[in-house]
Amino acid sequence: MPNMKLIEAAIAPRSHLAHQTFQEIRFGQKFGARVLAVWRRGRSIRTRLADLPLEFGDGLLLQGTEKSLALLRTEPGLILLAESAPSTRMTLHGWFTALVMAFTLILAVIFPDMIAEIMLSGAVAMVLIRTLSMDQAYRAIDWRSLFLVAGMLPVGVALNKTGVSTMFANVLLSSLGGSDHLVLLGGFVLLTVALTQVINGAATVTIIAPIAIAAAQQIGMEPRSVAMAVALASSMAFMSPLGHSVNVMVMGAGGYTFKDYARVGVPLTILLIVILLIILPLVMPIG
């Protein structure tokens with residue numbers, strides 16, 4: 001049928017769809033899409049799909065309409081990878097959109113202290129020139145990450161207000177003894193990297209940053225350098241597919257397992273940590 005399209009999706013991290021079958025989910029009735037195949041651990045499954053229990057990282061090949069695609073986008077347990085679409089040509093409106101985006105990025109680089117206001121203004125400009133509709137703008141927001149970070153921010157505030165961050169800092173400092181500043185910095189980086197493998201990186205920063213800053217202030221380290229190290233470490237989500245949704249996108253399609261992520265992610269993470277601990281003190285002295 002001409003209005004039908006192929007859609008690729010993957011089961012998201014900590015998805016409620018895992019361990020359920022398509023029949024239990026009532027997938028066809030709920031989304032109006034037909035499941036053509038499931039890609040799991042390097043092989044394609046095409047038979048008895050209705051009774052197949054889903055697993056984390058499964059890649060799904062679906063067939064549906066534009067309405068099906070819109071419904072699938074609302075499902076938090078799925079990550080849409082791609083859908084078939086006709087080729088498009090760059091129009092004058094498209095070039096104007098690219099100009100607005102480039103201008104926004106340039107201003108963000110020139111005025112880093114106003115990056116939030118600049119990015120918001122760029123997004124509003126996209127809506128005003130009708131590159132995006134309000135519905136598309138709402139759908140483009142990752143509401144799960146937004147609410148996760150918004151929910152974790154009060155945790156960071158509470159750690160400071162109640163003195164828990166200072167308590168944790170004292171425990172960490174006493175366990176490391178009279179260690180060098182660089183060793184302490186490495187400890188915070190390792191702790192941040194470990195948490196980033198299982199929860200959102202931004203949420204990790206809201207937990208670790210208050211503790212790291214409190215510890216840095218107690219022993220005379222530069223708090224901004226420590227906060228920068230924690231922020232950079234929170235992006236090293238390479239050792240587990242749970243750390244970032246992008247990891248899941250390639251997990252199902254490539255047939256990867258947790259072992260594959262550890263095999264590649266561990267040496268890559270070690271390399272980046274070493275580079276971080278060498279370069280950061282040169283650019284931002286730690287104390």
# chains A, B, ... in the order shown; residues from 1 in each chain; ligands from 1
>>> residues_around(residues="Ala116 of chain A", least_positions_apart="5", cutoff="12 Å", atoms="only C-alpha atoms", output="number ranges by chain")
A: 104-105, 107-109, 111, 121-123
>>> residues_around(residues="segment 48-50 of chain A", least_positions_apart="5", cutoff="7 Å", atoms="only C-alpha atoms", output="MDAnalysis selection string")
chainID A and resid 21:23
>>> write_last_selection(atoms="N, CA, C and O atoms", output="short mmCIF file (atom, residue, chain, number, x, y, z; two decimals), in the first residue's frame")
data_model
loop_
_atom_site.label_atom_id
_atom_site.label_comp_id
_atom_site.auth_asym_id
_atom_site.auth_seq_id
_atom_site.Cartn_x
_atom_site.Cartn_y
_atom_site.Cartn_z
N THR A 21 5.10 -10.30 25.77
CA THR A 21 4.95 -10.68 24.37
C THR A 21 4.12 -9.63 23.65
O THR A 21 3.44 -8.81 24.27
N PHE A 22 4.18 -9.66 22.31
CA PHE A 22 3.38 -8.72 21.53
C PHE A 22 1.89 -8.94 21.77
O PHE A 22 1.11 -7.99 21.74
N GLN A 23 1.52 -10.19 22.02
CA GLN A 23 0.11 -10.49 22.27
C GLN A 23 -0.33 -9.90 23.60
O GLN A 23 -1.43 -9.34 23.72
#
>>> atom_distance(atom1="atom CA of Met239 of chain A", atom2="atom CA of Thr204 of chain A")
15.6 Å
>>> atom_distance(atom1="atom CA of Gly220 of chain A", atom2="atom CA of Leu271 of chain A")
27.7 Å
>>> residues_around(residues="Phe56 of chain A", least_positions_apart="5", cutoff="9 Å", atoms="only C-alpha atoms", output="number ranges by chain")
A: 10-15, 17-19, 248, 252
>>> closest_residue(among="A:Ala70, A:Arg41, A:Pro76, A:Asp135", to="Lys259 of chain A", atoms="only C-alpha atoms")
A:Arg41
>>> closest_residue(among="A:Leu184, A:Ser68, A:Gln20, A:Val157", to="Leu54 of chain A", atoms="only C-alpha atoms")
A:Gln20
>>> select_by_dssp(residues="segment 79-240 of chain A", states="strand (DSSP E or B)", output="JSON, numbers by chain")
{"A": [79, 80, 81, 82, 83]}
>>> select_by_dssp(residues="segment 20-216 of chain A", states="alpha helix (DSSP H)", output="PyMOL selection string")
chain A and resi 22-25+27-31+66-73+92-110+115-128+134-140+143-161+164-176+181-196+201-216
>>> closest_atom_pairs(of="segment 182-228 of chain A", to="segment 279-284 of chain A", cutoff="12 Å", atoms="only C-alpha atoms", output="JSON lines")
{"residue": "A:Leu182", "atom": "CA", "partner": "A:Pro281", "partner_atom": "CA", "distance": 8.4}
{"residue": "A:Val183", "atom": "CA", "partner": "A:Pro281", "partner_atom": "CA", "distance": 12.0}
{"residue": "A:Leu185", "atom": "CA", "partner": "A:Pro281", "partner_atom": "CA", "distance": 9.8}
{"residue": "A:Gly186", "atom": "CA", "partner": "A:Leu280", "partner_atom": "CA", "distance": 11.2}
{"residue": "A:Val189", "atom": "CA", "partner": "A:Leu280", "partner_atom": "CA", "distance": 11.8}
{"residue": "A:Met221", "atom": "CA", "partner": "A:Pro281", "partner_atom": "CA", "distance": 11.1}
{"residue": "A:Glu222", "atom": "CA", "partner": "A:Met284", "partner_atom": "CA", "distance": 8.5}
{"residue": "A:Pro223", "atom": "CA", "partner": "A:Met284", "partner_atom": "CA", "distance": 10.4}
{"residue": "A:Arg224", "atom": "CA", "partner": "A:Met284", "partner_atom": "CA", "distance": 8.2}
{"residue": "A:Ser225", "atom": "CA", "partner": "A:Met284", "partner_atom": "CA", "distance": 5.8}
{"residue": "A:Val226", "atom": "CA", "partner": "A:Met284", "partner_atom": "CA", "distance": 9.3}
{"residue": "A:Ala227", "atom": "CA", "partner": "A:Met284", "partner_atom": "CA", "distance": 10.9}
{"residue": "A:Met228", "atom": "CA", "partner": "A:Leu280", "partner_atom": "CA", "distance": 8.5}
>>> closest_residue(among="A:Ala262, A:Leu92, A:Ala231, A:Leu71", to="Thr196 of chain A", atoms="only C-alpha atoms")
A:Ala231
>>> residues_around(residues="Pro241 of chain A", least_positions_apart="2", cutoff="8 Å", atoms="only C-alpha atoms", output="PyMOL selection string")
chain A and resi 13+197+237-239+243-245+247-248+251+258+261
>>> write_last_selection(atoms="N, CA, C and O atoms", output="tab-separated table (two decimals), in the first residue's frame")
chain	number	residue	atom	x	y	z
A	13	PRO	N	16.16	1.20	27.35
A	13	PRO	CA	16.68	0.77	28.65
A	13	PRO	C	15.58	0.82	29.71
A	13	PRO	O	14.79	1.74	29.76
A	197	GLN	N	27.01	4.42	34.12
A	197	GLN	CA	26.72	3.21	33.36
A	197	GLN	C	25.30	2.70	33.58
A	197	GLN	O	24.79	1.90	32.78
A	237	ALA	N	29.66	6.96	29.08
A	237	ALA	CA	28.71	5.86	29.24
A	237	ALA	C	28.95	4.81	28.16
A	237	ALA	O	28.08	4.55	27.32
A	238	PHE	N	30.13	4.19	28.19
A	238	PHE	CA	30.51	3.27	27.12
A	238	PHE	C	30.49	1.80	27.55
A	238	PHE	O	30.48	0.91	26.70
A	239	MET	N	30.51	1.52	28.83
A	239	MET	CA	30.70	0.15	29.30
A	239	MET	C	29.40	-0.64	29.43
A	239	MET	O	29.42	-1.84	29.67
A	243	GLY	N	23.59	3.01	29.95
A	243	GLY	CA	24.01	4.37	30.24
A	243	GLY	C	23.41	5.42	29.34
A	243	GLY	O	23.24	6.56	29.75
A	244	HIS	N	23.10	5.07	28.09
A	244	HIS	CA	22.60	6.08	27.15
A	244	HIS	C	21.72	5.39	26.11
A	244	HIS	O	21.99	4.24	25.71
A	245	SER	N	20.68	6.11	25.66
A	245	SER	CA	19.76	5.53	24.68
A	245	SER	C	20.44	5.24	23.34
A	245	SER	O	20.03	4.34	22.62
A	247	ASN	N	23.31	3.91	22.94
A	247	ASN	CA	23.88	2.57	23.05
A	247	ASN	C	22.86	1.50	22.69
A	247	ASN	O	23.18	0.48	22.09
A	248	VAL	N	21.60	1.76	23.07
A	248	VAL	CA	20.54	0.79	22.77
A	248	VAL	C	20.23	0.76	21.28
A	248	VAL	O	19.91	-0.28	20.72
A	251	MET	N	22.55	-1.55	19.77
A	251	MET	CA	22.60	-2.88	20.38
A	251	MET	C	21.74	-3.88	19.61
A	251	MET	O	22.20	-4.96	19.25
A	258	PHE	N	25.89	-7.34	26.40
A	258	PHE	CA	26.55	-6.58	27.45
A	258	PHE	C	28.06	-6.80	27.42
A	258	PHE	O	28.84	-5.89	27.70
A	261	TYR	N	29.84	-4.49	24.95
A	261	TYR	CA	30.02	-3.13	25.44
A	261	TYR	C	31.17	-3.06	26.44
A	261	TYR	O	31.96	-2.12	26.43
>>> atom_distance(atom1="atom CA of Ser44 of chain A", atom2="atom CA of Val266 of chain A")
28.5 Å
